[in-house]
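Coordinates as given in final-v8.pdb (PDB, N, CA and C atoms, pLDDT in the B column):
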```
ATOM      1  N   MET A 473      23.260  -1.558  32.491  1.00 52.00           N
ATOM      2  CA  MET A 473      22.781  -0.430  31.770  1.00 52.00           C
ATOM      3  C   MET A 473      21.920  -0.839  30.596  1.00 52.00           C
ATOM      4  N   GLY A 474      22.017  -1.745  29.859  1.00 56.00           N
ATOM      5  CA  GLY A 474      21.299  -2.050  28.631  1.00 56.00           C
ATOM      6  C   GLY A 474      19.830  -2.346  28.825  1.00 56.00           C
ATOM      7  N   GLY A 475      19.172  -1.655  29.747  1.00 64.00           N
ATOM      8  CA  GLY A 475      17.742  -1.858  29.973  1.00 64.00           C
ATOM      9  C   GLY A 475      16.898  -1.312  28.832  1.00 64.00           C
ATOM     10  N   GLN A 476      15.685  -1.774  28.788  1.00 71.00           N
ATOM     11  CA  GLN A 476      14.770  -1.316  27.745  1.00 71.00           C
ATOM     12  C   GLN A 476      14.199   0.042  28.089  1.00 71.00           C
ATOM     13  N   MET A 477      13.898   0.783  27.052  1.00 60.00           N
ATOM     14  CA  MET A 477      13.242   2.070  27.223  1.00 60.00           C
ATOM     15  C   MET A 477      11.789   1.803  27.621  1.00 60.00           C
ATOM     16  N   PRO A 478      11.236   2.633  28.487  1.00 57.00           N
ATOM     17  CA  PRO A 478       9.818   2.443  28.822  1.00 57.00           C
ATOM     18  C   PRO A 478       8.955   2.693  27.591  1.00 57.00           C
ATOM     19  N   GLN A 479       7.874   1.968  27.502  1.00 62.00           N
ATOM     20  CA  GLN A 479       6.959   2.103  26.382  1.00 62.00           C
ATOM     21  C   GLN A 479       6.244   3.451  26.465  1.00 62.00           C
ATOM     22  N   ALA A 480       6.176   4.132  25.332  1.00 57.00           N
ATOM     23  CA  ALA A 480       5.500   5.421  25.289  1.00 57.00           C
ATOM     24  C   ALA A 480       4.019   5.242  25.593  1.00 57.00           C
ATOM     25  N   ARG A 481       3.470   6.197  26.323  1.00 56.00           N
ATOM     26  CA  ARG A 481       2.041   6.156  26.651  1.00 56.00           C
ATOM     27  C   ARG A 481       1.286   6.995  25.641  1.00 56.00           C
ATOM     28  N   LYS A 482       0.152   6.545  25.235  1.00 55.00           N
ATOM     29  CA  LYS A 482      -0.701   7.293  24.323  1.00 55.00           C
ATOM     30  C   LYS A 482      -1.715   8.067  25.150  1.00 55.00           C
ATOM     31  N   SER A 483      -1.348   9.289  25.486  1.00 50.00           N
ATOM     32  CA  SER A 483      -2.163  10.070  26.403  1.00 50.00           C
ATOM     33  C   SER A 483      -3.478  10.540  25.806  1.00 50.00           C
ATOM     34  N   ALA A 484      -3.645  10.447  24.493  1.00 53.00           N
ATOM     35  CA  ALA A 484      -4.885  10.922  23.879  1.00 53.00           C
ATOM     36  C   ALA A 484      -6.106  10.197  24.424  1.00 53.00           C
ATOM     37  N   PHE A 485      -5.907   9.022  24.943  1.00 78.00           N
ATOM     38  CA  PHE A 485      -7.039   8.256  25.435  1.00 78.00           C
ATOM     39  C   PHE A 485      -7.060   8.124  26.953  1.00 78.00           C
ATOM     40  N   GLU A 486      -6.213   8.853  27.632  1.00 88.00           N
ATOM     41  CA  GLU A 486      -6.238   8.837  29.087  1.00 88.00           C
ATOM     42  C   GLU A 486      -7.466   9.595  29.574  1.00 88.00           C
ATOM     43  N   PRO A 487      -7.986   9.200  30.711  1.00 91.00           N
ATOM     44  CA  PRO A 487      -9.213   9.825  31.214  1.00 91.00           C
ATOM     45  C   PRO A 487      -9.130  11.350  31.319  1.00 91.00           C
ATOM     46  N   GLN A 488      -7.990  11.891  31.708  1.00 91.00           N
ATOM     47  CA  GLN A 488      -7.868  13.340  31.855  1.00 91.00           C
ATOM     48  C   GLN A 488      -7.971  14.042  30.497  1.00 91.00           C
ATOM     49  N   TYR A 489      -7.373  13.463  29.481  1.00 92.00           N
ATOM     50  CA  TYR A 489      -7.449  14.054  28.144  1.00 92.00           C
ATOM     51  C   TYR A 489      -8.895  14.027  27.638  1.00 92.00           C
ATOM     52  N   ILE A 490      -9.544  12.894  27.823  1.00 93.00           N
ATOM     53  CA  ILE A 490     -10.945  12.761  27.405  1.00 93.00           C
ATOM     54  C   ILE A 490     -11.808  13.781  28.137  1.00 93.00           C
ATOM     55  N   GLU A 491     -11.543  13.986  29.417  1.00 95.00           N
ATOM     56  CA  GLU A 491     -12.302  14.967  30.205  1.00 95.00           C
ATOM     57  C   GLU A 491     -12.097  16.384  29.668  1.00 95.00           C
ATOM     58  N   ILE A 492     -10.880  16.730  29.289  1.00 96.00           N
ATOM     59  CA  ILE A 492     -10.613  18.053  28.722  1.00 96.00           C
ATOM     60  C   ILE A 492     -11.425  18.259  27.450  1.00 96.00           C
ATOM     61  N   ILE A 493     -11.400  17.288  26.565  1.00 96.00           N
ATOM     62  CA  ILE A 493     -12.156  17.391  25.316  1.00 96.00           C
ATOM     63  C   ILE A 493     -13.651  17.481  25.617  1.00 96.00           C
ATOM     64  N   ASP A 494     -14.122  16.640  26.523  1.00 97.00           N
ATOM     65  CA  ASP A 494     -15.547  16.675  26.879  1.00 97.00           C
ATOM     66  C   ASP A 494     -15.953  18.032  27.459  1.00 97.00           C
ATOM     67  N   ARG A 495     -15.078  18.640  28.248  1.00 97.00           N
ATOM     68  CA  ARG A 495     -15.370  19.956  28.807  1.00 97.00           C
ATOM     69  C   ARG A 495     -15.431  21.020  27.703  1.00 97.00           C
ATOM     70  N   LEU A 496     -14.536  20.915  26.727  1.00 98.00           N
ATOM     71  CA  LEU A 496     -14.565  21.871  25.613  1.00 98.00           C
ATOM     72  C   LEU A 496     -15.823  21.688  24.762  1.00 98.00           C
ATOM     73  N   ILE A 497     -16.224  20.449  24.552  1.00 98.00           N
ATOM     74  CA  ILE A 497     -17.466  20.185  23.813  1.00 98.00           C
ATOM     75  C   ILE A 497     -18.652  20.790  24.571  1.00 98.00           C
ATOM     76  N   ALA A 498     -18.694  20.552  25.884  1.00 98.00           N
ATOM     77  CA  ALA A 498     -19.785  21.094  26.702  1.00 98.00           C
ATOM     78  C   ALA A 498     -19.800  22.617  26.647  1.00 98.00           C
ATOM     79  N   ARG A 499     -18.639  23.226  26.667  1.00 98.00           N
ATOM     80  CA  ARG A 499     -18.562  24.684  26.597  1.00 98.00           C
ATOM     81  C   ARG A 499     -19.050  25.185  25.233  1.00 98.00           C
ATOM     82  N   ARG A 500     -18.627  24.511  24.163  1.00 98.00           N
ATOM     83  CA  ARG A 500     -19.068  24.898  22.821  1.00 98.00           C
ATOM     84  C   ARG A 500     -20.583  24.852  22.736  1.00 98.00           C
ATOM     85  N   ARG A 501     -21.155  23.806  23.254  1.00 98.00           N
ATOM     86  CA  ARG A 501     -22.613  23.661  23.234  1.00 98.00           C
ATOM     87  C   ARG A 501     -23.291  24.696  24.128  1.00 98.00           C
ATOM     88  N   ALA A 502     -22.703  24.973  25.289  1.00 98.00           N
ATOM     89  CA  ALA A 502     -23.288  25.930  26.233  1.00 98.00           C
ATOM     90  C   ALA A 502     -23.352  27.342  25.647  1.00 98.00           C
ATOM     91  N   VAL A 503     -22.376  27.684  24.821  1.00 97.00           N
ATOM     92  CA  VAL A 503     -22.393  29.014  24.206  1.00 97.00           C
ATOM     93  C   VAL A 503     -23.154  29.009  22.884  1.00 97.00           C
ATOM     94  N   GLY A 504     -23.747  27.858  22.536  1.00 98.00           N
ATOM     95  CA  GLY A 504     -24.578  27.765  21.341  1.00 98.00           C
ATOM     96  C   GLY A 504     -23.811  27.805  20.040  1.00 98.00           C
ATOM     97  N   MET A 505     -22.581  27.297  20.049  1.00 98.00           N
ATOM     98  CA  MET A 505     -21.741  27.321  18.864  1.00 98.00           C
ATOM     99  C   MET A 505     -21.698  25.943  18.218  1.00 98.00           C
ATOM    100  N   SER A 506     -21.863  25.897  16.921  1.00 98.00           N
ATOM    101  CA  SER A 506     -21.770  24.629  16.189  1.00 98.00           C
ATOM    102  C   SER A 506     -20.302  24.330  15.864  1.00 98.00           C
ATOM    103  N   GLN A 507     -20.055  23.107  15.458  1.00 98.00           N
ATOM    104  CA  GLN A 507     -18.709  22.748  14.997  1.00 98.00           C
ATOM    105  C   GLN A 507     -18.312  23.607  13.806  1.00 98.00           C
ATOM    106  N   VAL A 508     -19.248  23.881  12.930  1.00 98.00           N
ATOM    107  CA  VAL A 508     -18.972  24.702  11.746  1.00 98.00           C
ATOM    108  C   VAL A 508     -18.545  26.108  12.167  1.00 98.00           C
ATOM    109  N   GLU A 509     -19.263  26.688  13.123  1.00 98.00           N
ATOM    110  CA  GLU A 509     -18.929  28.029  13.597  1.00 98.00           C
ATOM    111  C   GLU A 509     -17.571  28.059  14.294  1.00 98.00           C
ATOM    112  N   LEU A 510     -17.309  27.060  15.124  1.00 98.00           N
ATOM    113  CA  LEU A 510     -16.020  26.979  15.803  1.00 98.00           C
ATOM    114  C   LEU A 510     -14.890  26.841  14.790  1.00 98.00           C
ATOM    115  N   ALA A 511     -15.091  25.977  13.823  1.00 97.00           N
ATOM    116  CA  ALA A 511     -14.071  25.767  12.793  1.00 97.00           C
ATOM    117  C   ALA A 511     -13.793  27.055  12.025  1.00 97.00           C
ATOM    118  N   ALA A 512     -14.840  27.783  11.683  1.00 98.00           N
ATOM    119  CA  ALA A 512     -14.671  29.033  10.941  1.00 98.00           C
ATOM    120  C   ALA A 512     -13.842  30.033  11.739  1.00 98.00           C
ATOM    121  N   GLN A 513     -14.130  30.152  13.022  1.00 97.00           N
ATOM    122  CA  GLN A 513     -13.374  31.081  13.870  1.00 97.00           C
ATOM    123  C   GLN A 513     -11.942  30.614  14.068  1.00 97.00           C
ATOM    124  N   TYR A 514     -11.758  29.300  14.057  1.00 97.00           N
ATOM    125  CA  TYR A 514     -10.424  28.728  14.232  1.00 97.00           C
ATOM    126  C   TYR A 514      -9.614  28.806  12.934  1.00 97.00           C
ATOM    127  N   GLY A 515     -10.324  28.835  11.798  1.00 96.00           N
ATOM    128  CA  GLY A 515      -9.640  28.886  10.507  1.00 96.00           C
ATOM    129  C   GLY A 515      -9.409  27.523   9.886  1.00 96.00           C
ATOM    130  N   GLU A 516     -10.271  26.581  10.227  1.00 96.00           N
ATOM    131  CA  GLU A 516     -10.175  25.210   9.714  1.00 96.00           C
ATOM    132  C   GLU A 516     -11.535  24.764   9.205  1.00 96.00           C
ATOM    133  N   GLU A 517     -11.562  23.565   8.646  1.00 97.00           N
ATOM    134  CA  GLU A 517     -12.805  22.946   8.203  1.00 97.00           C
ATOM    135  C   GLU A 517     -13.501  22.295   9.401  1.00 97.00           C
ATOM    136  N   GLN A 518     -14.791  22.065   9.271  1.00 97.00           N
ATOM    137  CA  GLN A 518     -15.572  21.424  10.334  1.00 97.00           C
ATOM    138  C   GLN A 518     -15.014  20.054  10.677  1.00 97.00           C
ATOM    139  N   THR A 519     -14.485  19.332   9.693  1.00 97.00           N
ATOM    140  CA  THR A 519     -13.950  17.982   9.950  1.00 97.00           C
ATOM    141  C   THR A 519     -12.783  18.013  10.938  1.00 97.00           C
ATOM    142  N   PHE A 520     -12.043  19.109  10.974  1.00 97.00           N
ATOM    143  CA  PHE A 520     -10.942  19.275  11.930  1.00 97.00           C
ATOM    144  C   PHE A 520     -11.491  19.236  13.356  1.00 97.00           C
ATOM    145  N   ILE A 521     -12.577  19.966  13.584  1.00 97.00           N
ATOM    146  CA  ILE A 521     -13.209  20.000  14.902  1.00 97.00           C
ATOM    147  C   ILE A 521     -13.803  18.635  15.230  1.00 97.00           C
ATOM    148  N   SER A 522     -14.470  18.037  14.267  1.00 97.00           N
ATOM    149  CA  SER A 522     -15.088  16.735  14.471  1.00 97.00           C
ATOM    150  C   SER A 522     -14.054  15.682  14.867  1.00 97.00           C
ATOM    151  N   ARG A 523     -12.923  15.650  14.179  1.00 96.00           N
ATOM    152  CA  ARG A 523     -11.879  14.666  14.513  1.00 96.00           C
ATOM    153  C   ARG A 523     -11.354  14.873  15.923  1.00 96.00           C
ATOM    154  N   MET A 524     -11.222  16.143  16.323  1.00 95.00           N
ATOM    155  CA  MET A 524     -10.749  16.409  17.672  1.00 95.00           C
ATOM    156  C   MET A 524     -11.779  15.989  18.712  1.00 95.00           C
ATOM    157  N   GLU A 525     -13.034  16.325  18.458  1.00 95.00           N
ATOM    158  CA  GLU A 525     -14.086  16.000  19.425  1.00 95.00           C
ATOM    159  C   GLU A 525     -14.338  14.498  19.525  1.00 95.00           C
ATOM    160  N   ARG A 526     -14.063  13.768  18.460  1.00 94.00           N
ATOM    161  CA  ARG A 526     -14.211  12.305  18.505  1.00 94.00           C
ATOM    162  C   ARG A 526     -12.933  11.620  18.962  1.00 94.00           C
ATOM    163  N   LYS A 527     -11.959  12.430  19.376  1.00 91.00           N
ATOM    164  CA  LYS A 527     -10.670  11.941  19.883  1.00 91.00           C
ATOM    165  C   LYS A 527      -9.914  11.143  18.831  1.00 91.00           C
ATOM    166  N   GLN A 528     -10.052  11.535  17.589  1.00 91.00           N
ATOM    167  CA  GLN A 528      -9.303  10.904  16.500  1.00 91.00           C
ATOM    168  C   GLN A 528      -8.056  11.707  16.164  1.00 91.00           C
ATOM    169  N   ARG A 529      -7.962  12.890  16.727  1.00 91.00           N
ATOM    170  CA  ARG A 529      -6.813  13.749  16.518  1.00 91.00           C
ATOM    171  C   ARG A 529      -6.488  14.396  17.848  1.00 91.00           C
ATOM    172  N   ARG A 530      -5.223  14.374  18.207  1.00 91.00           N
ATOM    173  CA  ARG A 530      -4.804  14.976  19.474  1.00 91.00           C
ATOM    174  C   ARG A 530      -4.746  16.484  19.360  1.00 91.00           C
ATOM    175  N   MET A 531      -5.099  17.135  20.417  1.00 93.00           N
ATOM    176  CA  MET A 531      -5.029  18.583  20.505  1.00 93.00           C
ATOM    177  C   MET A 531      -3.732  18.952  21.222  1.00 93.00           C
ATOM    178  N   ASP A 532      -2.947  19.843  20.619  1.00 93.00           N
ATOM    179  CA  ASP A 532      -1.738  20.279  21.315  1.00 93.00           C
ATOM    180  C   ASP A 532      -2.060  21.483  22.207  1.00 93.00           C
ATOM    181  N   VAL A 533      -1.084  21.931  22.955  1.00 95.00           N
ATOM    182  CA  VAL A 533      -1.306  22.987  23.943  1.00 95.00           C
ATOM    183  C   VAL A 533      -1.759  24.282  23.278  1.00 95.00           C
ATOM    184  N   TRP A 534      -1.124  24.679  22.189  1.00 96.00           N
ATOM    185  CA  TRP A 534      -1.498  25.918  21.522  1.00 96.00           C
ATOM    186  C   TRP A 534      -2.923  25.833  20.980  1.00 96.00           C
ATOM    187  N   GLU A 535      -3.290  24.690  20.426  1.00 96.00           N
ATOM    188  CA  GLU A 535      -4.662  24.504  19.940  1.00 96.00           C
ATOM    189  C   GLU A 535      -5.656  24.621  21.095  1.00 96.00           C
ATOM    190  N   PHE A 536      -5.324  24.028  22.226  1.00 97.00           N
ATOM    191  CA  PHE A 536      -6.173  24.105  23.404  1.00 97.00           C
ATOM    192  C   PHE A 536      -6.413  25.560  23.806  1.00 97.00           C
ATOM    193  N   VAL A 537      -5.344  26.340  23.862  1.00 97.00           N
ATOM    194  CA  VAL A 537      -5.464  27.748  24.238  1.00 97.00           C
ATOM    195  C   VAL A 537      -6.318  28.505  23.225  1.00 97.00           C
ATOM    196  N   ARG A 538      -6.112  28.251  21.947  1.00 97.00           N
ATOM    197  CA  ARG A 538      -6.914  28.918  20.912  1.00 97.00           C
ATOM    198  C   ARG A 538      -8.392  28.562  21.049  1.00 97.00           C
ATOM    199  N   PHE A 539      -8.699  27.293  21.275  1.00 97.00           N
ATOM    200  CA  PHE A 539     -10.091  26.886  21.466  1.00 97.00           C
ATOM    201  C   PHE A 539     -10.693  27.591  22.670  1.00 97.00           C
ATOM    202  N   CYS A 540      -9.950  27.655  23.755  1.00 98.00           N
ATOM    203  CA  CYS A 540     -10.452  28.331  24.954  1.00 98.00           C
ATOM    204  C   CYS A 540     -10.751  29.798  24.663  1.00 98.00           C
ATOM    205  N   ARG A 541      -9.878  30.454  23.937  1.00 98.00           N
ATOM    206  CA  ARG A 541     -10.095  31.873  23.610  1.00 98.00           C
ATOM    207  C   ARG A 541     -11.362  32.041  22.779  1.00 98.00           C
ATOM    208  N   ILE A 542     -11.526  31.199  21.772  1.00 98.00           N
ATOM    209  CA  ILE A 542     -12.712  31.284  20.917  1.00 98.00           C
ATOM    210  C   ILE A 542     -13.974  31.036  21.739  1.00 98.00           C
ATOM    211  N   LEU A 543     -13.906  30.082  22.673  1.00 98.00           N
ATOM    212  CA  LEU A 543     -15.058  29.724  23.497  1.00 98.00           C
ATOM    213  C   LEU A 543     -15.202  30.628  24.722  1.00 98.00           C
ATOM    214  N   ASN A 544     -14.305  31.615  24.832  1.00 98.00           N
ATOM    215  CA  ASN A 544     -14.356  32.591  25.912  1.00 98.00           C
ATOM    216  C   ASN A 544     -14.361  31.926  27.291  1.00 98.00           C
ATOM    217  N   VAL A 545     -13.402  31.028  27.479  1.00 98.00           N
ATOM    218  CA  VAL A 545     -13.244  30.359  28.763  1.00 98.00           C
ATOM    219  C   VAL A 545     -11.755  30.346  29.114  1.00 98.00           C
ATOM    220  N   ASP A 546     -11.453  30.539  30.373  1.00 98.00           N
ATOM    221  CA  ASP A 546     -10.081  30.526  30.860  1.00 98.00           C
ATOM    222  C   ASP A 546      -9.548  29.087  30.787  1.00 98.00           C
ATOM    223  N   PRO A 547      -8.389  28.880  30.135  1.00 97.00           N
ATOM    224  CA  PRO A 547      -7.826  27.522  30.083  1.00 97.00           C
ATOM    225  C   PRO A 547      -7.687  26.884  31.467  1.00 97.00           C
ATOM    226  N   ALA A 548      -7.333  27.691  32.466  1.00 97.00           N
ATOM    227  CA  ALA A 548      -7.192  27.156  33.831  1.00 97.00           C
ATOM    228  C   ALA A 548      -8.512  26.621  34.356  1.00 97.00           C
ATOM    229  N   GLU A 549      -9.607  27.250  33.965  1.00 97.00           N
ATOM    230  CA  GLU A 549     -10.930  26.787  34.397  1.00 97.00           C
ATOM    231  C   GLU A 549     -11.251  25.417  33.794  1.00 97.00           C
ATOM    232  N   VAL A 550     -10.859  25.229  32.533  1.00 97.00           N
ATOM    233  CA  VAL A 550     -11.097  23.936  31.869  1.00 97.00           C
ATOM    234  C   VAL A 550     -10.300  22.844  32.552  1.00 97.00           C
ATOM    235  N   LEU A 551      -9.104  23.178  32.997  1.00 97.00           N
ATOM    236  CA  LEU A 551      -8.212  22.180  33.620  1.00 97.00           C
ATOM    237  C   LEU A 551      -8.464  21.977  35.107  1.00 97.00           C
ATOM    238  N   LYS A 552      -9.242  22.854  35.702  1.00 96.00           N
ATOM    239  CA  LYS A 552      -9.474  22.804  37.160  1.00 96.00           C
ATOM    240  C   LYS A 552     -10.039  21.449  37.586  1.00 96.00           C
ATOM    241  N   GLY A 553      -9.414  20.882  38.619  1.00 95.00           N
ATOM    242  CA  GLY A 553      -9.898  19.639  39.197  1.00 95.00           C
ATOM    243  C   GLY A 553      -9.353  18.376  38.549  1.00 95.00           C
ATOM    244  N   LEU A 554      -8.599  18.516  37.466  1.00 91.00           N
ATOM    245  CA  LEU A 554      -8.020  17.319  36.840  1.00 91.00           C
ATOM    246  C   LEU A 554      -6.794  16.885  37.617  1.00 91.00           C
ATOM    247  N   GLU A 555      -6.584  15.600  37.676  1.00 80.00           N
ATOM    248  CA  GLU A 555      -5.378  15.079  38.362  1.00 80.00           C
ATOM    249  C   GLU A 555      -4.521  14.364  37.386  1.00 80.00           C
TER     250      GLU A 555
END
```

Go ahead and render the structure in this file as structure tokens.
Amino acid sequence: MGGQMPQARKSAFEPQYIEIIDRLIARRRAVGMSQVELAAQYGEEQTFISRMERKQRRMDVWEFVRFCRILNVDPAEVLKGLE
């Protein structure tokens, strides 16, 4: 029984996570929204958006849903095709 615990994975840098962020960035740009505008609608400073888009801060599930709502995209559509 005294086996070691598996090492935690840092999913923020996994390809699927990066793809989700990249898709949200592409959507923000497609709707013509700046980081400043997105941040204002989200209720944060522009640096909050910048850190997320540069993958310096992880996005949790609720944040993801809020971003999708602001960007007027179905969360399921953003996740479609990811494995």

A:Asp546, A:Glu525, A:Glu555, A:Asp532 ranked by distance to A:Ile493, top pick (using only N, CA and C atoms): A:Glu525

Give as a list in words each residue that has an atom at most 12 Å from (-3.1, 19.1, 19.7) in the file, counting only C-alpha atoms.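 The answer, in the requested form, is Ser483, Ala484, Tyr489, Ile492, Ile493, Phe520, Ile521, Arg523, Met524, Glu525, Lys527, Gln528, Arg529, Arg530, Met531, Asp532, Val533, Trp534, Glu535, Phe536, Val537, Arg538 and Phe539 of chain A.
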
Rounded to one decimal, what separation in Å do you get between atom N of A:Ser522 and atom N of A:Leu496?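 Atom N of A:Leu496 lies 12.8 Å from atom N of A:Ser522.
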
Take the PyMOL selection byres (((chain A and resi 507 and name CA) around 8) and name CA), run it mentally on this structure, and tell me the resulting residues as a list in words.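 Selection result, ordered by chain and number: Met505, Ser506, Val508, Glu509, Leu510, Ala511, Gln518, Ile521 and Ser522 of chain A.
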
Atomic separation - atom N of A:Glu491 relative to atom N of A:Ala548, Å: 14.7 Å

Where does DSSP see helix (DSSP H, G or I) in chain A, if you list the residues as a PyMOL selection string? chain A and resi 483-485+487-502+507-514+518-525+533-542+547-551

Residues from the last selection, N, CA and C atoms, saved as a short mmCIF file (atom, residue, chain, number, x, y, z; two decimals), in the coordinates of the input:
```
data_model
loop_
_atom_site.label_atom_id
_atom_site.label_comp_id
_atom_site.auth_asym_id
_atom_site.auth_seq_id
_atom_site.Cartn_x
_atom_site.Cartn_y
_atom_site.Cartn_z
N SER A 483 -1.35 9.29 25.49
CA SER A 483 -2.16 10.07 26.40
C SER A 483 -3.48 10.54 25.81
N ALA A 484 -3.64 10.45 24.49
CA ALA A 484 -4.88 10.92 23.88
C ALA A 484 -6.11 10.20 24.42
N PHE A 485 -5.91 9.02 24.94
CA PHE A 485 -7.04 8.26 25.44
C PHE A 485 -7.06 8.12 26.95
N PRO A 487 -7.99 9.20 30.71
CA PRO A 487 -9.21 9.82 31.21
C PRO A 487 -9.13 11.35 31.32
N GLN A 488 -7.99 11.89 31.71
CA GLN A 488 -7.87 13.34 31.86
C GLN A 488 -7.97 14.04 30.50
N TYR A 489 -7.37 13.46 29.48
CA TYR A 489 -7.45 14.05 28.14
C TYR A 489 -8.90 14.03 27.64
N ILE A 490 -9.54 12.89 27.82
CA ILE A 490 -10.94 12.76 27.40
C ILE A 490 -11.81 13.78 28.14
N GLU A 491 -11.54 13.99 29.42
CA GLU A 491 -12.30 14.97 30.20
C GLU A 491 -12.10 16.38 29.67
N ILE A 492 -10.88 16.73 29.29
CA ILE A 492 -10.61 18.05 28.72
C ILE A 492 -11.42 18.26 27.45
N ILE A 493 -11.40 17.29 26.56
CA ILE A 493 -12.16 17.39 25.32
C ILE A 493 -13.65 17.48 25.62
N ASP A 494 -14.12 16.64 26.52
CA ASP A 494 -15.55 16.68 26.88
C ASP A 494 -15.95 18.03 27.46
N ARG A 495 -15.08 18.64 28.25
CA ARG A 495 -15.37 19.96 28.81
C ARG A 495 -15.43 21.02 27.70
N LEU A 496 -14.54 20.92 26.73
CA LEU A 496 -14.56 21.87 25.61
C LEU A 496 -15.82 21.69 24.76
N ILE A 497 -16.22 20.45 24.55
CA ILE A 497 -17.47 20.18 23.81
C ILE A 497 -18.65 20.79 24.57
N ALA A 498 -18.69 20.55 25.88
CA ALA A 498 -19.78 21.09 26.70
C ALA A 498 -19.80 22.62 26.65
N ARG A 499 -18.64 23.23 26.67
CA ARG A 499 -18.56 24.68 26.60
C ARG A 499 -19.05 25.18 25.23
N ARG A 500 -18.63 24.51 24.16
CA ARG A 500 -19.07 24.90 22.82
C ARG A 500 -20.58 24.85 22.74
N ARG A 501 -21.16 23.81 23.25
CA ARG A 501 -22.61 23.66 23.23
C ARG A 501 -23.29 24.70 24.13
N ALA A 502 -22.70 24.97 25.29
CA ALA A 502 -23.29 25.93 26.23
C ALA A 502 -23.35 27.34 25.65
N GLN A 507 -20.06 23.11 15.46
CA GLN A 507 -18.71 22.75 15.00
C GLN A 507 -18.31 23.61 13.81
N VAL A 508 -19.25 23.88 12.93
CA VAL A 508 -18.97 24.70 11.75
C VAL A 508 -18.55 26.11 12.17
N GLU A 509 -19.26 26.69 13.12
CA GLU A 509 -18.93 28.03 13.60
C GLU A 509 -17.57 28.06 14.29
N LEU A 510 -17.31 27.06 15.12
CA LEU A 510 -16.02 26.98 15.80
C LEU A 510 -14.89 26.84 14.79
N ALA A 511 -15.09 25.98 13.82
CA ALA A 511 -14.07 25.77 12.79
C ALA A 511 -13.79 27.06 12.02
N ALA A 512 -14.84 27.78 11.68
CA ALA A 512 -14.67 29.03 10.94
C ALA A 512 -13.84 30.03 11.74
N GLN A 513 -14.13 30.15 13.02
CA GLN A 513 -13.37 31.08 13.87
C GLN A 513 -11.94 30.61 14.07
N TYR A 514 -11.76 29.30 14.06
CA TYR A 514 -10.42 28.73 14.23
C TYR A 514 -9.61 28.81 12.93
N GLN A 518 -14.79 22.06 9.27
CA GLN A 518 -15.57 21.42 10.33
C GLN A 518 -15.01 20.05 10.68
N THR A 519 -14.48 19.33 9.69
CA THR A 519 -13.95 17.98 9.95
C THR A 519 -12.78 18.01 10.94
N PHE A 520 -12.04 19.11 10.97
CA PHE A 520 -10.94 19.27 11.93
C PHE A 520 -11.49 19.24 13.36
N ILE A 521 -12.58 19.97 13.58
CA ILE A 521 -13.21 20.00 14.90
C ILE A 521 -13.80 18.64 15.23
N SER A 522 -14.47 18.04 14.27
CA SER A 522 -15.09 16.74 14.47
C SER A 522 -14.05 15.68 14.87
N ARG A 523 -12.92 15.65 14.18
CA ARG A 523 -11.88 14.67 14.51
C ARG A 523 -11.35 14.87 15.92
N MET A 524 -11.22 16.14 16.32
CA MET A 524 -10.75 16.41 17.67
C MET A 524 -11.78 15.99 18.71
N GLU A 525 -13.03 16.32 18.46
CA GLU A 525 -14.09 16.00 19.42
C GLU A 525 -14.34 14.50 19.52
N VAL A 533 -1.08 21.93 22.96
CA VAL A 533 -1.31 22.99 23.94
C VAL A 533 -1.76 24.28 23.28
N TRP A 534 -1.12 24.68 22.19
CA TRP A 534 -1.50 25.92 21.52
C TRP A 534 -2.92 25.83 20.98
N GLU A 535 -3.29 24.69 20.43
CA GLU A 535 -4.66 24.50 19.94
C GLU A 535 -5.66 24.62 21.10
N PHE A 536 -5.32 24.03 22.23
CA PHE A 536 -6.17 24.10 23.40
C PHE A 536 -6.41 25.56 23.81
N VAL A 537 -5.34 26.34 23.86
CA VAL A 537 -5.46 27.75 24.24
C VAL A 537 -6.32 28.50 23.22
N ARG A 538 -6.11 28.25 21.95
CA ARG A 538 -6.91 28.92 20.91
C ARG A 538 -8.39 28.56 21.05
N PHE A 539 -8.70 27.29 21.28
CA PHE A 539 -10.09 26.89 21.47
C PHE A 539 -10.69 27.59 22.67
N CYS A 540 -9.95 27.66 23.76
CA CYS A 540 -10.45 28.33 24.95
C CYS A 540 -10.75 29.80 24.66
N ARG A 541 -9.88 30.45 23.94
CA ARG A 541 -10.10 31.87 23.61
C ARG A 541 -11.36 32.04 22.78
N ILE A 542 -11.53 31.20 21.77
CA ILE A 542 -12.71 31.28 20.92
C ILE A 542 -13.97 31.04 21.74
N PRO A 547 -8.39 28.88 30.14
CA PRO A 547 -7.83 27.52 30.08
C PRO A 547 -7.69 26.88 31.47
N ALA A 548 -7.33 27.69 32.47
CA ALA A 548 -7.19 27.16 33.83
C ALA A 548 -8.51 26.62 34.36
N GLU A 549 -9.61 27.25 33.97
CA GLU A 549 -10.93 26.79 34.40
C GLU A 549 -11.25 25.42 33.79
N VAL A 550 -10.86 25.23 32.53
CA VAL A 550 -11.10 23.94 31.87
C VAL A 550 -10.30 22.84 32.55
N LEU A 551 -9.10 23.18 33.00
CA LEU A 551 -8.21 22.18 33.62
C LEU A 551 -8.46 21.98 35.11
#
```
